[in-house]
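Structure first, then comments.
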Amino acid sequence: MSKVILEMKNIHKRFPGVYALKDVNFELQAGEVHGVLGENGAGKSTLMKVLGGIYKVDDGEIYIEGQKIAIHDVEDSQNAGVSIIHQELVLVPHMSVAENIFSGREPTGRFGFIKKEEMLEKAQRLLDFFHLDINASQLVCKLNIAEQQMVEVARAISFNSKILVMDEPTSSLTEKEVRFLFATIQNLKSQGVGIIYISHRMSELFRITDRITVMRDGQYISTKMTNQTNVNELISLMVGRELTSYYHKISHGLGENALEVKELTRRGVFSNINFNLREGEILGFSGLVGAGRSEIMKSIFGLDRFDSGEIYIRGKEVTIKSPNDAMNFGIALVPENRKDEGLIMKGQVGYNMTLRILNQFIKFINVNTAHENQIISTYVKKLGIRTSSTLQLISNLSGGNQQKVVIAKWLAAKPQILILDEPTRGVDVNAKAEIYEIMNRLAQEGVAIIMISSELPEIINMSDRVIVVRNGSIAGMLKREEFSQERIMHMATGGIS
Amino acid sequence: MLKVITNNTANFFKKIGFDIVEFIKENFGILIGFAVLCVALSIISPAFLTESNILNILRQVSTNANLALGMTLVIIICGIDLSVGSIVALSGTVTGGLIAFSNVPITAAVFAGILVGTLAGVFNGVMVAYTGIPSFIVTLAMLNIARGAAYVYTGGQPIRVMNEDFNVIGAGYLGAIPLPVIYSFIFLLLTAIILNKTKLGRHIYAVGGNKEAARFTGIKIKQIEIFVYTFSGFLAAFSGVVLAARMFSGQPTVGNGFELDAIAAVVLGGTSMTGGIGKIGGTLIGVLVIGVLNNGLNLLNINSFWQLIIKGIVILAAVYVDMMKKRKEAQV
Ligand SMILES: Nc1ncnc2c1ncn2[C@@H]1O[C@H](COP(=O)(O)OP(=O)(O)OP(=O)(O)O)[C@@H](O)[C@H]1O
Ligand SMILES: [Mg+2]
């Protein structure tokens, strides 16, 4: 039995209207990867924020290497040897990657001047380990969300902490980056670092963890040895009941072409993109981080300009210059980055959900509040959004529940062409099933759906066809009967990986 | 009977999106401060709690109220409008000049003055929306331009307008209530309705809260920005004309530093300088606090140099207390 490095005992935490942690116990050993699993809003991130000094505990004790310690702020936590990759990225957008990684701990010379060269070099070494195409001197705001996630990982690792917490580190990473991350985790593990790993991706938990702790409704439920449990047992522990089918694709006849894209090119970003999307179809887009999938969709949706190419909707060529144009053609885009692109974090849950469809209940200065509330509560129910009230600030919701609000916001617009960019990012199994079911139902009603996803099982299970994007061009297209993880990965990497 | 009236007013306020309970909860700190200030003043100075003094205060704050209403929208969308004081001077002198120099009919002159000031606001909005120059810079430039234009137009001298019909616009009464107070009340309702009851209002919060997300939502950000600066310019221009009417003259020096009182009122009212958060009710309280403070210090015969110092300290203290409260809530 190896030594216990962290113990959290009888932890309680209340927010106004929410009892987020009820008497939670948690234990981590040195050299262990300990998974934490639970539905959206179960209290996983809150437990980690308590450990990280973001929230103060109401009650309970924390021991690190047998020493009882009091954590009042982030610094206390860092000094005790804890470093955390938070679920929501917290990088400073207008600083360089290197500055972000070393902020507050910059290597300095004699007069307190920052040794820039040294810092850049150190940062670059960390990044190169993940085989990323990121330059340490780049500004963070130029990176996409997956790259930012990797920078967060690099930053957390650079602390050389005894305890490393990863709260959904892979939620927008693809298989390639995940492999490098896992290699890093193995390496840290062999050095005796204790790692807490939170994820909704079951397959990852089984690949990397030694033990898994399940939480439900703010309570500790149980801890299992990973090699002595299985997906079904874990799900029933976290949901509190059996959950039968989890992925189920309903196939049915497809209709006319809803969207057709010809030779779409944006210089330096993507080129010669050709594809069609039929009514009732779910078209998966796969590829590595930075391949250009989101960028293609942004251009179609009128957010970015493009240099050449044509877009046809239901057979007619159209000009889309702004998101408004796109919406008028019945297109909706659920963006990948909920915090920056999807939500007004200072606003309430209900406000965010209906921001897109104000026309439905506001006529000049006459707000039909009853109708608005009815729309809101329909979607809260439909997607199982866990919030103390629809007037709750969206920033107080758990990550997965925020994601559901973004989806609701766009579903409420009742699009004919629905583009989903990482729709299940950070969403628990139960709600994932819910979202898949909604996708199936919409497809049956004839809605044409594009789904970008970095999670291969999701792509394979839900799509009618898959388009694989590599380096800004389409590397190939696969029909459902041709799907396999290996094949998609092979196309995505160009056979190198 | 009283209950019926209070119920009716509560309903009315609800209709324009104003929830009295929420209002008290959100502005608890500053409301207490305001109450203490009023009680203290009425004890120290018997002149404070008289009908004439209260109407006097209301009339004195009416200009700042107008400017602060516009400023609230500007600050909600993460901007700032430094030009309002200068626009007050510009529109007042233009109207005054047209009447006194050019014999233009009063209605037309009033209209022209308001139009000129509003156009200055349009210019601010277009520059902010299309060039990406920060609003601080754009409106700082307009602060100079509008003030300069007022000096050029008047040759630096006040324009006397000894016209009773014109004077009534600023000095008249409706019953016992000074007209400027009525105007401000109407603008207050108008702004509250825009913010709380219209699509525009929700879009304003969205643009201020997260511009990128607003873009993804298909909100026409440029239009919103232009509207907000135009609205602020319009309110400043209107106030300028009213002020000129009351003073029988268009003065190029008037309104110096008005923008700062407006900003102070907005911030006292809890609007966030980082955008996305702000309520008209808060701004109203902010305006009243500054107004009562000014009035009280005058009643107590404190000299105007000291008044500035005291005002500065009060603003700092009030915002600090508010920030501490919010930080505590955030950390829980
Ligand atoms: N600052 C806050 N104020 C109020 N409620 C909060 C706050 N932070 C979290 N909560 C609530 O506490 C509960 C637990 O949230 P937490 O973020 O820990 O969930 P989670 O298990 O990490 O979920 P997810 O899988 O979606 O990330 C949720 O109901 C959430 O709404
Ligand atoms: Mg979480």
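Here, A, B, ... name the chains of the structure tokens in the order displayed, residue numbers run from 1 inside each chain, and ligands are numbered from 1 in the same displayed order.
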Based on only C-alpha atoms, which of the residues in chain B come within 8 Å of chain A? I want them as a VMD selection string. chain B and resid 193 to 194 197 to 199 202 to 203 206 209 to 210 212 to 219 276 to 277 331 to 332
Could you list, as a list of chain:residue names, all protein and nucleic acid residues with an atom at most 8 Å from ligand 2, counting only C-alpha atoms and all ligand atoms? A:Asn40, A:Gly41, A:Gly43, A:Lys44, A:Ser45, A:Thr46, A:Gln87, A:Asp167, A:Glu168, A:Ser398, A:Gly399, A:Gly400, A:Gly426
Residues near A:Gly253, anyone? I mean within 9 Å using only C-alpha atoms, not counting same-chain ones fewer than 3 positions away, as a ChimeraX atom specification. /A:280-281,444
Stretch 352-459 of chain A: residues DSSP assigns to helix (DSSP H, G or I), reported as an MDAnalysis selection string: chainID A and resid 352:360 369:383 394:396 399:411 429:444 456:459
Could you work out how far atom CA of A:Ile64 lies from atom CA of A:Asp23, giving the answer in Å with one decimal?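 Atom-to-atom, atom CA of A:Asp23 to atom CA of A:Ile64, that is 18.4 Å.
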Would you work out the distance separating atom CA of B:Arg59 from atom CA of B:Glu259, expressed in Å to one decimal? 17.9 Å
Quick one: residues within 12 Å of B:Ile159, only C-alpha atoms counted, chain neighbours fewer than 4 positions away excluded, as a CSV table (one decimal) with N, CA and C atoms, in the first residue's frame?
chain,number,residue,atom,x,y,z
B,89,ALA,N,-22.8,72.4,-23.5
B,89,ALA,CA,-22.5,73.7,-23.9
B,89,ALA,C,-22.8,74.0,-25.4
B,90,LEU,N,-22.4,73.1,-26.2
B,90,LEU,CA,-22.6,73.2,-27.7
B,90,LEU,C,-24.1,73.4,-28.0
B,92,GLY,N,-26.6,74.3,-26.1
B,92,GLY,CA,-27.1,75.5,-25.5
B,92,GLY,C,-26.7,76.7,-26.3
B,93,THR,N,-25.5,76.8,-26.7
B,93,THR,CA,-25.0,78.0,-27.4
B,93,THR,C,-25.6,78.0,-28.8
B,94,VAL,N,-25.7,76.9,-29.5
B,94,VAL,CA,-26.3,76.9,-30.8
B,94,VAL,C,-27.8,77.4,-30.8
B,95,THR,N,-28.5,76.8,-29.8
B,95,THR,CA,-29.9,77.3,-29.7
B,95,THR,C,-30.0,78.8,-29.4
B,96,GLY,N,-29.2,79.2,-28.4
B,96,GLY,CA,-29.2,80.6,-28.0
B,96,GLY,C,-28.8,81.5,-29.1
B,97,GLY,N,-27.8,81.1,-29.8
B,97,GLY,CA,-27.3,81.9,-31.0
B,97,GLY,C,-28.3,82.0,-32.1
B,98,LEU,N,-29.0,80.9,-32.4
B,98,LEU,CA,-30.0,81.0,-33.5
B,98,LEU,C,-31.1,81.9,-33.1
B,99,ILE,N,-31.5,81.9,-31.8
B,99,ILE,CA,-32.5,82.8,-31.4
B,99,ILE,C,-32.1,84.3,-31.4
B,100,ALA,N,-30.9,84.5,-30.7
B,100,ALA,CA,-30.5,85.8,-30.5
B,100,ALA,C,-29.8,86.5,-31.8
B,101,PHE,N,-29.0,85.7,-32.5
B,101,PHE,CA,-28.3,86.3,-33.6
B,101,PHE,C,-29.2,86.2,-34.9
B,102,SER,N,-29.8,85.0,-35.1
B,102,SER,CA,-30.4,84.8,-36.4
B,102,SER,C,-31.9,84.9,-36.4
B,150,ALA,N,-18.3,75.4,-29.5
B,150,ALA,CA,-19.1,76.3,-28.8
B,150,ALA,C,-18.4,77.6,-28.6
B,151,TYR,N,-17.1,77.6,-28.4
B,151,TYR,CA,-16.3,78.8,-28.2
B,151,TYR,C,-16.3,79.6,-29.6
B,153,TYR,N,-18.3,79.4,-32.1
B,153,TYR,CA,-19.6,79.9,-32.5
B,153,TYR,C,-19.9,81.2,-31.7
B,154,THR,N,-19.6,81.2,-30.5
B,154,THR,CA,-20.0,82.4,-29.6
B,154,THR,C,-18.9,83.4,-29.5
B,155,GLY,N,-17.7,83.1,-30.1
B,155,GLY,CA,-16.6,84.0,-29.9
B,155,GLY,C,-16.2,84.1,-28.4
B,163,ASN,N,-35.7,86.1,-23.8
B,163,ASN,CA,-36.9,85.8,-24.4
B,163,ASN,C,-37.7,84.9,-23.5
B,244,ALA,N,-29.7,76.4,-20.9
B,244,ALA,CA,-29.6,77.7,-21.6
B,244,ALA,C,-30.9,78.5,-21.4
B,245,ALA,N,-32.0,77.8,-21.6
B,245,ALA,CA,-33.3,78.5,-21.4
B,245,ALA,C,-33.5,79.0,-20.0
B,247,MET,N,-31.1,79.8,-17.9
B,247,MET,CA,-30.2,80.9,-17.6
B,247,MET,C,-30.3,82.1,-18.5
B,248,PHE,N,-31.3,82.1,-19.4
B,248,PHE,CA,-31.5,83.2,-20.3
B,248,PHE,C,-30.2,83.4,-21.2
B,249,SER,N,-29.4,82.4,-21.3
B,249,SER,CA,-28.2,82.5,-22.1
B,249,SER,C,-27.5,81.2,-22.5
B,250,GLY,N,-26.9,81.2,-23.7
B,250,GLY,CA,-26.1,80.1,-24.1
B,250,GLY,C,-24.7,80.4,-23.8
B,251,GLN,N,-24.1,79.6,-22.9
B,251,GLN,CA,-22.8,79.9,-22.4
B,251,GLN,C,-21.8,78.8,-22.8
B,252,PRO,N,-20.7,79.2,-23.5
B,252,PRO,CA,-19.8,78.2,-23.9
B,252,PRO,C,-19.0,77.5,-22.8
B,253,THR,N,-19.0,78.1,-21.6
B,253,THR,CA,-18.2,77.6,-20.5
B,253,THR,C,-19.0,76.6,-19.7
B,254,VAL,N,-20.3,76.5,-19.9
B,254,VAL,CA,-21.2,75.7,-19.1
B,254,VAL,C,-20.9,74.2,-19.2
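Atom CA of B:Val241 to atom CA of B:Leu293 spans 25.5 Å [interatomic distance, one decimal].
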Quick one: residues within 8 Å of stretch 120-127 of chain B, only C-alpha atoms, excluding same-chain residues fewer than 5 positions away - as a list in words?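 The residues satisfying every condition are Ile87, Gly132, Ile133, Ser135, Val138, Thr139, Met142, Ala146, Lys222, Glu225, Ile226, Phe227, Val228, Tyr229, Thr230, Phe231, Ser232, Gly233 and Phe234 of chain B.
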Could you dump the residues just selected with C-alpha atoms as a compact mmCIF listing (two decimals), in the first residue's frame?
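Printed below is selection.txt as written:
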# COMPACT_ATOMS: atom_id res chain seq x y z
CA ILE B 87 -22.26 68.77 -25.74
CA GLY B 132 -12.23 50.48 -33.08
CA ILE B 133 -10.69 53.52 -31.41
CA SER B 135 -14.45 55.20 -26.54
CA VAL B 138 -13.12 59.16 -29.20
CA THR B 139 -15.16 61.01 -26.62
CA MET B 142 -15.29 65.12 -28.87
CA ALA B 146 -17.63 70.28 -29.05
CA LYS B 222 -22.32 48.31 -34.36
CA GLU B 225 -23.04 51.03 -30.07
CA ILE B 226 -24.20 53.81 -32.35
CA PHE B 227 -27.59 53.90 -30.66
CA VAL B 228 -26.10 54.13 -27.18
CA TYR B 229 -23.71 57.00 -27.93
CA THR B 230 -26.44 58.77 -29.87
CA PHE B 231 -28.82 58.44 -26.96
CA SER B 232 -26.19 59.82 -24.60
CA GLY B 233 -25.53 62.71 -26.99
CA PHE B 234 -29.24 63.42 -27.29
Test item: residues at most 12 Å from A:Asp73, only C-alpha atoms, excluding those fewer than 2 positions along its chain, as a PyMOL selection string: (chain A and resi 49-57+69-71+75-80+82) or (chain B and resi 331)
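Compared by their closest atoms to ligand 1, and using only C-alpha atoms and all ligand atoms, the residues A:Ala156, A:Val405, A:Val90, A:Met8 rank with A:Val405 nearest.
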Close residues, A:Ile449 itself excluded, 9 Å, only C-alpha atoms, min 4 positions apart in chain, as a list in words: Leu277, Arg278, Glu279, Gly280, Glu281, Ile282, Leu283, Gly284, Gln416, Ile417, Leu418, Ile419, Leu420, Met439, Leu442 and Ala443 of chain A
Writer output for current selection, C-alpha atoms, as a JSON list (two decimals), in the first residue's frame:
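Heads up, here's the output in again.json:
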[["chain", "number", "residue", "atom", "x", "y", "z"],
["A", 277, "LEU", "CA", -25.47, 17.78, -46.07],
["A", 278, "ARG", "CA", -28.91, 16.29, -46.50],
["A", 279, "GLU", "CA", -32.09, 16.85, -44.59],
["A", 280, "GLY", "CA", -32.30, 14.42, -41.71],
["A", 281, "GLU", "CA", -28.62, 13.64, -41.85],
["A", 282, "ILE", "CA", -26.07, 13.82, -39.07],
["A", 283, "LEU", "CA", -22.72, 14.60, -40.61],
["A", 284, "GLY", "CA", -19.74, 14.15, -38.31],
["A", 416, "GLN", "CA", -33.26, 23.71, -40.12],
["A", 417, "ILE", "CA", -29.51, 23.39, -40.31],
["A", 418, "LEU", "CA", -27.89, 22.84, -36.95],
["A", 419, "ILE", "CA", -24.13, 23.04, -36.57],
["A", 420, "LEU", "CA", -22.90, 21.67, -33.26],
["A", 439, "MET", "CA", -30.31, 15.10, -32.23],
["A", 442, "LEU", "CA", -34.46, 16.58, -34.91],
["A", 443, "ALA", "CA", -32.90, 14.51, -37.68]]
From a DSSP calculation on the backbone, collect every residue of stretch 153-279 of chain B in strand (DSSP E) and output the set as a PyMOL selection string. chain B and resi 159-160+173-174+177-178+249-250
